[in-house]
$ cat protein_36.cif   # mmCIF, C-alpha atoms and all ligand atoms
data_entry
#
loop_
_atom_site.group_PDB
_atom_site.id
_atom_site.type_symbol
_atom_site.label_atom_id
_atom_site.label_comp_id
_atom_site.auth_asym_id
_atom_site.auth_seq_id
_atom_site.Cartn_x
_atom_site.Cartn_y
_atom_site.Cartn_z
ATOM 1 C CA MET D 23 99.116 98.037 76.782
ATOM 2 C CA GLN D 24 97.094 94.828 76.328
ATOM 3 C CA PRO D 25 94.905 94.057 79.372
ATOM 4 C CA THR D 26 96.825 90.841 80.091
ATOM 5 C CA GLU D 27 100.135 92.746 79.868
ATOM 6 C CA GLU D 28 98.839 95.079 82.553
ATOM 7 C CA LEU D 29 97.837 92.144 84.777
ATOM 8 C CA LYS D 30 101.242 90.497 84.225
ATOM 9 C CA ALA D 31 103.027 93.721 85.196
ATOM 10 C CA GLU D 32 100.913 93.794 88.375
ATOM 11 C CA HIS D 33 101.883 90.154 89.013
ATOM 12 C CA GLU D 34 105.552 91.236 88.993
ATOM 13 C CA GLY D 35 104.831 93.888 91.623
ATOM 14 C CA ILE D 36 102.856 91.406 93.726
ATOM 15 C CA LEU D 37 105.680 88.823 93.550
ATOM 16 C CA GLN D 38 108.127 91.470 94.713
ATOM 17 C CA MET D 39 105.939 92.301 97.722
ATOM 18 C CA LEU D 40 105.647 88.567 98.516
ATOM 19 C CA GLU D 41 109.452 88.438 98.543
ATOM 20 C CA VAL D 42 109.507 91.331 101.042
ATOM 21 C CA LEU D 43 106.890 89.529 103.146
ATOM 22 C CA GLU D 44 109.021 86.359 103.160
ATOM 23 C CA ARG D 45 112.044 88.357 104.392
ATOM 24 C CA ILE D 46 109.951 89.872 107.179
ATOM 25 C CA CYS D 47 108.788 86.350 108.146
ATOM 26 C CA GLU D 48 112.443 85.266 108.370
ATOM 27 C CA ARG D 49 113.204 88.274 110.585
ATOM 28 C CA MET D 50 110.243 87.472 112.832
ATOM 29 C CA GLU D 51 111.404 83.871 113.202
ATOM 30 C CA SER D 52 114.946 84.834 114.099
ATOM 31 C CA ARG D 53 113.710 87.706 116.295
ATOM 32 C CA GLU D 54 115.512 90.287 114.201
ATOM 33 C CA PRO D 55 114.087 93.801 114.140
ATOM 34 C CA PHE D 56 111.370 94.732 111.678
ATOM 35 C CA LEU D 57 108.752 97.451 111.728
ATOM 36 C CA THR D 58 105.126 96.481 112.368
ATOM 37 C CA ASP D 59 104.375 99.545 110.239
ATOM 38 C CA HIS D 60 105.884 97.709 107.281
ATOM 39 C CA LEU D 61 103.654 94.701 107.913
ATOM 40 C CA ASP D 62 100.715 97.084 108.095
ATOM 41 C CA GLN D 63 101.670 98.484 104.697
ATOM 42 C CA ILE D 64 101.907 94.994 103.222
ATOM 43 C CA VAL D 65 98.527 93.866 104.601
ATOM 44 C CA GLU D 66 97.012 97.066 103.179
ATOM 45 C CA PHE D 67 98.714 96.385 99.822
ATOM 46 C CA LEU D 68 97.319 92.823 99.790
ATOM 47 C CA LYS D 69 93.813 94.050 100.640
ATOM 48 C CA ILE D 70 93.610 97.026 98.312
ATOM 49 C CA PHE D 71 96.124 96.642 95.483
ATOM 50 C CA VAL D 72 95.925 92.852 95.173
ATOM 51 C CA ASP D 73 92.403 91.970 96.194
ATOM 52 C CA THR D 74 90.257 95.006 95.437
ATOM 53 C CA CYS D 75 92.110 96.226 92.371
ATOM 54 C CA HIS D 76 93.952 93.332 90.705
ATOM 55 C CA HIS D 77 91.506 90.543 91.578
ATOM 56 C CA GLY D 78 88.694 92.999 90.834
ATOM 57 C CA LYS D 79 89.982 93.438 87.270
ATOM 58 C CA GLU D 80 90.075 89.659 86.843
ATOM 59 C CA GLU D 81 86.780 88.809 88.563
ATOM 60 C CA ASP D 82 84.628 91.673 87.297
ATOM 61 C CA ILE D 83 86.141 92.238 83.851
ATOM 62 C CA LEU D 84 88.498 89.621 82.361
ATOM 63 C CA PHE D 85 86.874 86.359 83.520
ATOM 64 C CA PRO D 86 83.344 87.431 82.473
ATOM 65 C CA ALA D 87 84.751 88.556 79.082
ATOM 66 C CA LEU D 88 86.258 85.096 78.525
ATOM 67 C CA LYS D 89 82.963 83.489 79.445
ATOM 68 C CA LYS D 90 81.087 85.816 77.099
ATOM 69 C CA ALA D 91 83.513 84.988 74.293
ATOM 70 C CA GLY D 92 82.602 81.308 74.745
ATOM 71 C CA ILE D 93 86.035 80.172 75.929
ATOM 72 C CA THR D 94 84.426 77.297 77.784
ATOM 73 C CA GLU D 95 87.496 75.059 77.996
ATOM 74 C CA LYS D 96 88.902 77.363 80.680
ATOM 75 C CA GLU D 97 85.755 77.476 82.798
ATOM 76 C CA GLU D 98 87.063 74.965 85.310
ATOM 77 C CA LEU D 99 90.364 76.833 85.609
ATOM 78 C CA ILE D 100 88.510 80.114 86.165
ATOM 79 C CA ASN D 101 86.444 78.551 88.960
ATOM 80 C CA GLU D 102 89.651 77.307 90.554
ATOM 81 C CA LEU D 103 91.197 80.790 90.296
ATOM 82 C CA LEU D 104 88.087 82.370 91.852
ATOM 83 C CA ALA D 105 88.264 79.903 94.761
ATOM 84 C CA GLU D 106 91.937 80.838 95.255
ATOM 85 C CA HIS D 107 91.032 84.536 95.368
ATOM 86 C CA ARG D 108 88.559 83.685 98.159
ATOM 87 C CA THR D 109 91.139 81.635 100.085
ATOM 88 C CA GLY D 110 93.663 84.471 99.716
ATOM 89 C CA ARG D 111 91.109 86.978 101.010
ATOM 90 C CA THR D 112 90.553 84.886 104.158
ATOM 91 C CA LEU D 113 94.298 84.449 104.753
ATOM 92 C CA VAL D 114 94.917 88.208 104.487
ATOM 93 C CA LYS D 115 92.041 88.884 106.877
ATOM 94 C CA ASP D 116 93.544 86.391 109.364
ATOM 95 C CA MET D 117 96.969 88.001 108.937
ATOM 96 C CA GLY D 118 95.440 91.399 109.741
ATOM 97 C CA VAL D 119 93.765 90.043 112.882
ATOM 98 C CA ALA D 120 97.037 88.436 114.069
ATOM 99 C CA LEU D 121 98.906 91.667 113.344
ATOM 100 C CA ASP D 122 96.433 93.602 115.495
ATOM 101 C CA SER D 123 97.060 91.239 118.414
ATOM 102 C CA LEU D 124 100.811 91.561 117.905
ATOM 103 C CA LYS D 125 100.460 95.330 118.123
ATOM 104 C CA ARG D 126 98.497 94.889 121.368
ATOM 105 C CA GLY D 127 101.472 92.978 122.773
ATOM 106 C CA THR D 128 100.559 89.324 122.143
ATOM 107 C CA GLU D 129 103.971 87.994 121.132
ATOM 108 C CA ASP D 130 102.585 84.584 120.135
ATOM 109 C CA ALA D 131 100.804 86.343 117.302
ATOM 110 C CA THR D 132 104.051 86.315 115.302
ATOM 111 C CA PHE D 133 103.590 82.535 114.764
ATOM 112 C CA ALA D 134 100.129 83.070 113.343
ATOM 113 C CA ILE D 135 101.367 85.857 111.064
ATOM 114 C CA VAL D 136 104.272 83.789 109.718
ATOM 115 C CA ASP D 137 101.973 80.811 109.231
ATOM 116 C CA LYS D 138 99.277 82.681 107.322
ATOM 117 C CA ALA D 139 101.820 84.720 105.357
ATOM 118 C CA ARG D 140 103.659 81.603 104.150
ATOM 119 C CA GLU D 141 100.404 79.920 103.182
ATOM 120 C CA TYR D 142 99.435 83.051 101.254
ATOM 121 C CA ILE D 143 102.815 83.319 99.515
ATOM 122 C CA THR D 144 102.643 79.691 98.317
ATOM 123 C CA LEU D 145 99.033 80.101 97.179
ATOM 124 C CA LEU D 146 99.611 83.324 95.254
ATOM 125 C CA LYS D 147 102.834 82.216 93.554
ATOM 126 C CA GLN D 148 101.228 79.168 91.964
ATOM 127 C CA HIS D 149 98.057 81.172 91.239
ATOM 128 C CA ILE D 150 100.024 83.816 89.322
ATOM 129 C CA GLN D 151 101.930 81.120 87.442
ATOM 130 C CA LYS D 152 98.655 79.484 86.336
ATOM 131 C CA GLU D 153 97.189 82.778 85.135
ATOM 132 C CA ASN D 154 100.336 83.792 83.267
ATOM 133 C CA THR D 155 100.828 80.474 81.510
ATOM 134 C CA ASP D 156 97.378 78.825 81.300
ATOM 135 C CA LEU D 157 94.856 81.610 81.072
ATOM 136 C CA PHE D 158 96.309 84.831 79.690
ATOM 137 C CA PRO D 159 97.760 83.372 76.461
ATOM 138 C CA ILE D 160 94.333 82.117 75.414
ATOM 139 C CA ALA D 161 92.788 85.529 76.194
ATOM 140 C CA GLU D 162 95.448 87.204 74.049
ATOM 141 C CA LYS D 163 94.816 84.765 71.210
ATOM 142 C CA ARG D 164 91.057 84.497 71.275
ATOM 143 C CA LEU D 165 89.733 87.922 72.275
ATOM 144 C CA PRO D 166 89.475 90.326 69.327
ATOM 145 C CA GLN D 167 91.717 93.409 69.564
ATOM 146 C CA ASP D 168 88.835 95.874 69.935
ATOM 147 C CA GLU D 169 87.472 93.782 72.791
ATOM 148 C CA GLN D 170 90.914 93.834 74.446
ATOM 149 C CA ASN D 171 91.056 97.629 74.085
ATOM 150 C CA GLU D 172 87.649 97.862 75.726
ATOM 151 C CA LEU D 173 88.891 95.700 78.639
ATOM 152 C CA SER D 174 91.876 98.015 79.123
ATOM 153 C CA GLU D 175 89.524 100.991 79.380
ATOM 154 C CA GLN D 176 87.383 99.140 81.893
ATOM 155 C CA PHE D 177 90.531 98.350 83.911
ATOM 156 C CA ASP D 178 91.392 102.074 84.024
ATOM 157 C CA ARG D 179 87.914 102.953 85.203
ATOM 158 C CA LEU D 180 87.928 100.276 87.914
ATOM 159 C CA GLU D 181 91.325 101.452 89.150
ATOM 160 C CA LYS D 182 90.199 105.071 89.370
ATOM 161 C CA GLU D 183 86.911 104.180 91.057
ATOM 162 C CA LYS D 184 88.248 101.615 93.503
ATOM 163 C CA ILE D 185 91.608 103.009 94.578
ATOM 164 C CA GLY D 186 92.208 106.376 92.900
ATOM 165 C CA VAL D 187 95.304 107.489 90.974
ATOM 166 C CA GLY D 188 97.130 108.980 93.981
ATOM 167 C CA ARG D 189 96.743 105.788 96.003
ATOM 168 C CA HIS D 190 98.143 103.709 93.152
ATOM 169 C CA GLU D 191 101.285 105.883 93.010
ATOM 170 C CA GLU D 192 101.572 105.625 96.787
ATOM 171 C CA PHE D 193 101.593 101.803 96.585
ATOM 172 C CA HIS D 194 104.397 101.937 94.021
ATOM 173 C CA ARG D 195 106.404 104.275 96.231
ATOM 174 C CA GLN D 196 105.946 101.948 99.239
ATOM 175 C CA MET D 197 106.863 98.907 97.145
ATOM 176 C CA LYS D 198 110.128 100.573 96.151
ATOM 177 C CA GLU D 199 110.899 101.639 99.703
ATOM 178 C CA LEU D 200 110.181 98.191 101.184
ATOM 179 C CA SER D 201 112.250 96.456 98.494
ATOM 180 C CA GLU D 202 115.193 98.721 99.246
ATOM 181 C CA THR D 203 114.868 97.936 102.959
ATOM 182 C CA TYR D 204 114.383 94.156 102.798
ATOM 183 C CA LEU D 205 115.643 92.859 99.466
ATOM 184 C CA ARG D 206 119.195 94.131 99.403
HETATM 185 FE FE FE I 1 93.923 85.966 90.090
HETATM 186 FE FE FE I 2 96.282 87.780 88.774
#
$ encode --input "protein_36.cif" --output "C-alpha cells"
Amino acid sequence: MQPTEELKAEHEGILQMLEVLERICERMESREPFLTDHLDQIVEFLKIFVDTCHHGKEEDILFPALKKAGITEKEELINELLAEHRTGRTLVKDMGVALDSLKRGTEDATFAIVDKAREYITLLKQHIQKENTDLFPIAEKRLPQDEQNELSEQFDRLEKEKIGVGRHEEFHRQMKELSETYLR
C-alpha cells in the first residue's frame, strides 16, 4: 500500500469515530443514556491512534520527506496542518479533563465535553479534507516510488514502536463495537 493510501484509510477510521462521538454528544444533550466508558475509549483513541500514531506518521515521516524532496509550494499548508495537530491535541486534553470531572460527579462537565468535542470534530473534518485533496496527491505524484516504499516501512516501524500490533487490533475492534452501538 502507498503511504498516502494508508493515511487515507486511517482518515476513514477517524471519521467514523468522529461520527460516533457526535452521536454521543447528541445523547448527552438530550440526557439519553451513554456509557462514560465509551467516551474514555474515544479519548484514548484520539490520543493514541490519532495523535501519537497517525499524526506521528505525518509529522515525523511524511511532512519531512516532502520538505526534503523540495516540495516548497506546500510549506505553508504543512505549517497550517501542524498548527491544527497542536490545536487538536489541546482540545483532546481538555476533553479528557472534563471527562474526569464528569466521572467525579460534576454534571456541568457534559457541556464542556460537548463543546470541545464539537470543536474537535469540525477541526479534524476539514483537516482531513485538506490532506486528502491538497497534500496527498502531490506526494503521490512527486515522491519517487522507492522513496514511497521507504516511507511505508518507516510507518510500520513507528506503529510497532509507538502503539504495538496488539493495540492497533484492539482499536479496530473497539471502533467496530462503538459503530454498531451508536451508528445504527
Ligand atoms: Fe494531519
Ligand atoms: Fe491525517
$ residues_near_ligand --input "protein_36.cif" --ligand "ligand FE 2 (chain I)" --cutoff "8 Å" --atoms "only C-alpha atoms and all ligand atoms" --output "list of chain:residue names"
D:Leu29, D:Lys30, D:Glu32, D:His33, D:His76, D:His77, D:Glu80, D:His149, D:Ile150, D:Glu153, D:Asn154
$ resolve_selection --input "protein_36.cif" --expression "the PyMOL selection byres (((chain D and resi 205) around 12) and not hetatm)" --output "list in words"
Gln38, Met39, Leu40, Glu41, Val42, Leu43, Glu44, Arg45, Ile46, Met197, Lys198, Glu199, Leu200, Ser201, Glu202, Thr203, Tyr204 and Arg206 of chain D
$ atom_distance --input "protein_36.cif" --atom1 "atom CA of D:Glu34" --atom2 "atom CA of D:Thr109"
20.6 Å
$ residues_near_ligand --input "protein_36.cif" --ligand "ligand FE 1 (chain I)" --cutoff "12 Å" --atoms "all atoms listed in the file" --output "number ranges by chain"
D: 26, 29-30, 32-33, 36, 72-85, 99-111, 145-154, 156-158
$ atom_distance --input "protein_36.cif" --atom1 "atom CA of D:Lys125" --atom2 "atom CA of D:Glu191"
27.3 Å
$ atom_distance --input "protein_36.cif" --atom1 "atom CA of D:Phe133" --atom2 "atom CA of D:Asp62"
16.3 Å
$ closest_residue --input "protein_36.cif" --among "D:Arg195, D:Arg140, D:His60, D:His190" --to "D:Glu48" --atoms "all atoms listed in the file"
D:Arg140
$ closest_residue --input "protein_36.cif" --among "D:Leu61, D:Lys163, D:Thr94, D:Ala87" --to "D:Asp122" --atoms "all atoms listed in the file"
D:Leu61
$ resolve_selection --input "protein_36.cif" --expression "the PyMOL selection byres (((chain D and resi 139) around 9) and not hetatm)" --output "PyMOL selection string"
chain D and resi 40+43-44+47+113-114+117+134-138+140-144
$ closest_residue --input "protein_36.cif" --among "D:Leu180, D:Val187, D:Leu88, D:Leu173" --to "D:Pro159" --atoms "all atoms listed in the file"
D:Leu88
$ residues_near_point --input "protein_36.cif" --point "(93.1, 103.4, 84.0)" --cutoff "12 Å" --atoms "all atoms listed in the file" --output "ChimeraX atom specification"
/D:23,25,28,75,79,171-187,190
$ closest_residue --input "protein_36.cif" --among "D:Asp130, D:Glu51, D:Lys96, D:Asp59" --to "D:Arg164" --atoms "all atoms listed in the file"
D:Lys96
$ axis_aligned_box --input "protein_36.cif" --around "stretch 28-40 of chain D" --padding-each-side "6 Å" --output "lines of an AutoDock Vina configuration file"
center_x = 103.0
center_y = 91.8
center_z = 90.5
size_x = 22.3
size_y = 18.5
size_z = 28.0
$ decode --input "protein_36.cif" --residues "stretch 105-184 of chain D" --atoms "C-alpha atoms" --output "compact mmCIF listing (two decimals), in the first residue's frame"
# COMPACT_ATOMS: atom_id res chain seq x y z
CA ALA D 105 -0.80 24.01 13.89
CA GLU D 106 -4.09 22.09 13.57
CA HIS D 107 -2.47 18.98 15.06
CA ARG D 108 -1.44 21.14 18.04
CA THR D 109 -4.93 22.63 18.42
CA GLY D 110 -6.44 19.13 18.23
CA ARG D 111 -4.03 17.89 20.91
CA THR D 112 -5.14 20.67 23.28
CA LEU D 113 -8.84 20.01 22.62
CA VAL D 114 -8.46 16.28 23.35
CA LYS D 115 -6.57 17.07 26.55
CA ASP D 116 -9.39 19.43 27.61
CA MET D 117 -11.97 16.77 26.73
CA GLY D 118 -10.11 14.28 28.94
CA VAL D 119 -10.04 16.73 31.86
CA ALA D 120 -13.79 17.43 31.51
CA LEU D 121 -14.49 13.70 31.30
CA ASP D 122 -12.59 13.15 34.55
CA SER D 123 -14.75 15.75 36.30
CA LEU D 124 -17.89 14.16 34.86
CA LYS D 125 -16.80 10.83 36.31
CA ARG D 126 -16.30 12.55 39.69
CA GLY D 127 -19.93 13.67 39.52
CA THR D 128 -19.70 17.21 38.10
CA GLU D 129 -22.72 17.15 35.79
CA ASP D 130 -21.88 20.53 34.24
CA ALA D 131 -18.84 18.86 32.72
CA THR D 132 -21.06 17.44 29.96
CA PHE D 133 -21.30 20.97 28.45
CA ALA D 134 -17.54 21.27 28.32
CA ILE D 135 -17.20 17.81 26.75
CA VAL D 136 -19.81 18.52 24.06
CA ASP D 137 -18.23 21.90 23.36
CA LYS D 138 -14.68 20.62 22.98
CA ALA D 139 -15.80 17.51 21.09
CA ARG D 140 -17.73 19.56 18.51
CA GLU D 141 -14.82 21.94 18.05
CA TYR D 142 -12.54 18.94 17.54
CA ILE D 143 -14.90 17.26 15.07
CA THR D 144 -15.14 20.41 12.92
CA LEU D 145 -11.37 20.93 13.05
CA LEU D 146 -10.46 17.36 12.12
CA LYS D 147 -13.01 17.01 9.32
CA GLN D 148 -11.67 20.00 7.40
CA HIS D 149 -8.09 18.99 8.27
CA ILE D 150 -8.58 15.52 6.77
CA GLN D 151 -10.23 17.01 3.69
CA LYS D 152 -7.24 19.33 3.13
CA GLU D 153 -4.73 16.49 3.47
CA ASN D 154 -6.67 14.16 1.18
CA THR D 155 -7.23 16.70 -1.57
CA ASP D 156 -4.41 19.27 -1.28
CA LEU D 157 -1.42 17.45 0.09
CA PHE D 158 -1.50 13.72 -0.60
CA PRO D 159 -1.97 13.92 -4.39
CA ILE D 160 1.22 15.95 -4.74
CA ALA D 161 3.11 13.44 -2.55
CA GLU D 162 1.86 10.60 -4.74
CA LYS D 163 2.91 12.45 -7.88
CA ARG D 164 6.22 13.90 -6.83
CA LEU D 165 7.83 11.37 -4.49
CA PRO D 166 9.67 8.60 -6.36
CA GLN D 167 8.26 5.09 -5.85
CA ASP D 168 11.29 3.80 -3.93
CA GLU D 169 11.01 6.77 -1.58
CA GLN D 170 7.31 5.98 -1.05
CA ASN D 171 8.17 2.35 -0.26
CA GLU D 172 10.71 3.56 2.28
CA LEU D 173 8.05 5.79 3.90
CA SER D 174 5.69 2.80 4.20
CA GLU D 175 8.40 0.85 6.01
CA GLN D 176 9.01 3.77 8.34
CA PHE D 177 5.25 3.93 9.03
CA ASP D 178 5.27 0.24 10.03
CA ARG D 179 8.19 0.78 12.36
CA LEU D 180 6.59 3.82 14.00
CA GLU D 181 3.34 1.92 14.51
CA LYS D 182 5.10 -1.02 16.14
CA GLU D 183 7.26 1.20 18.34
CA LYS D 184 4.58 3.67 19.39
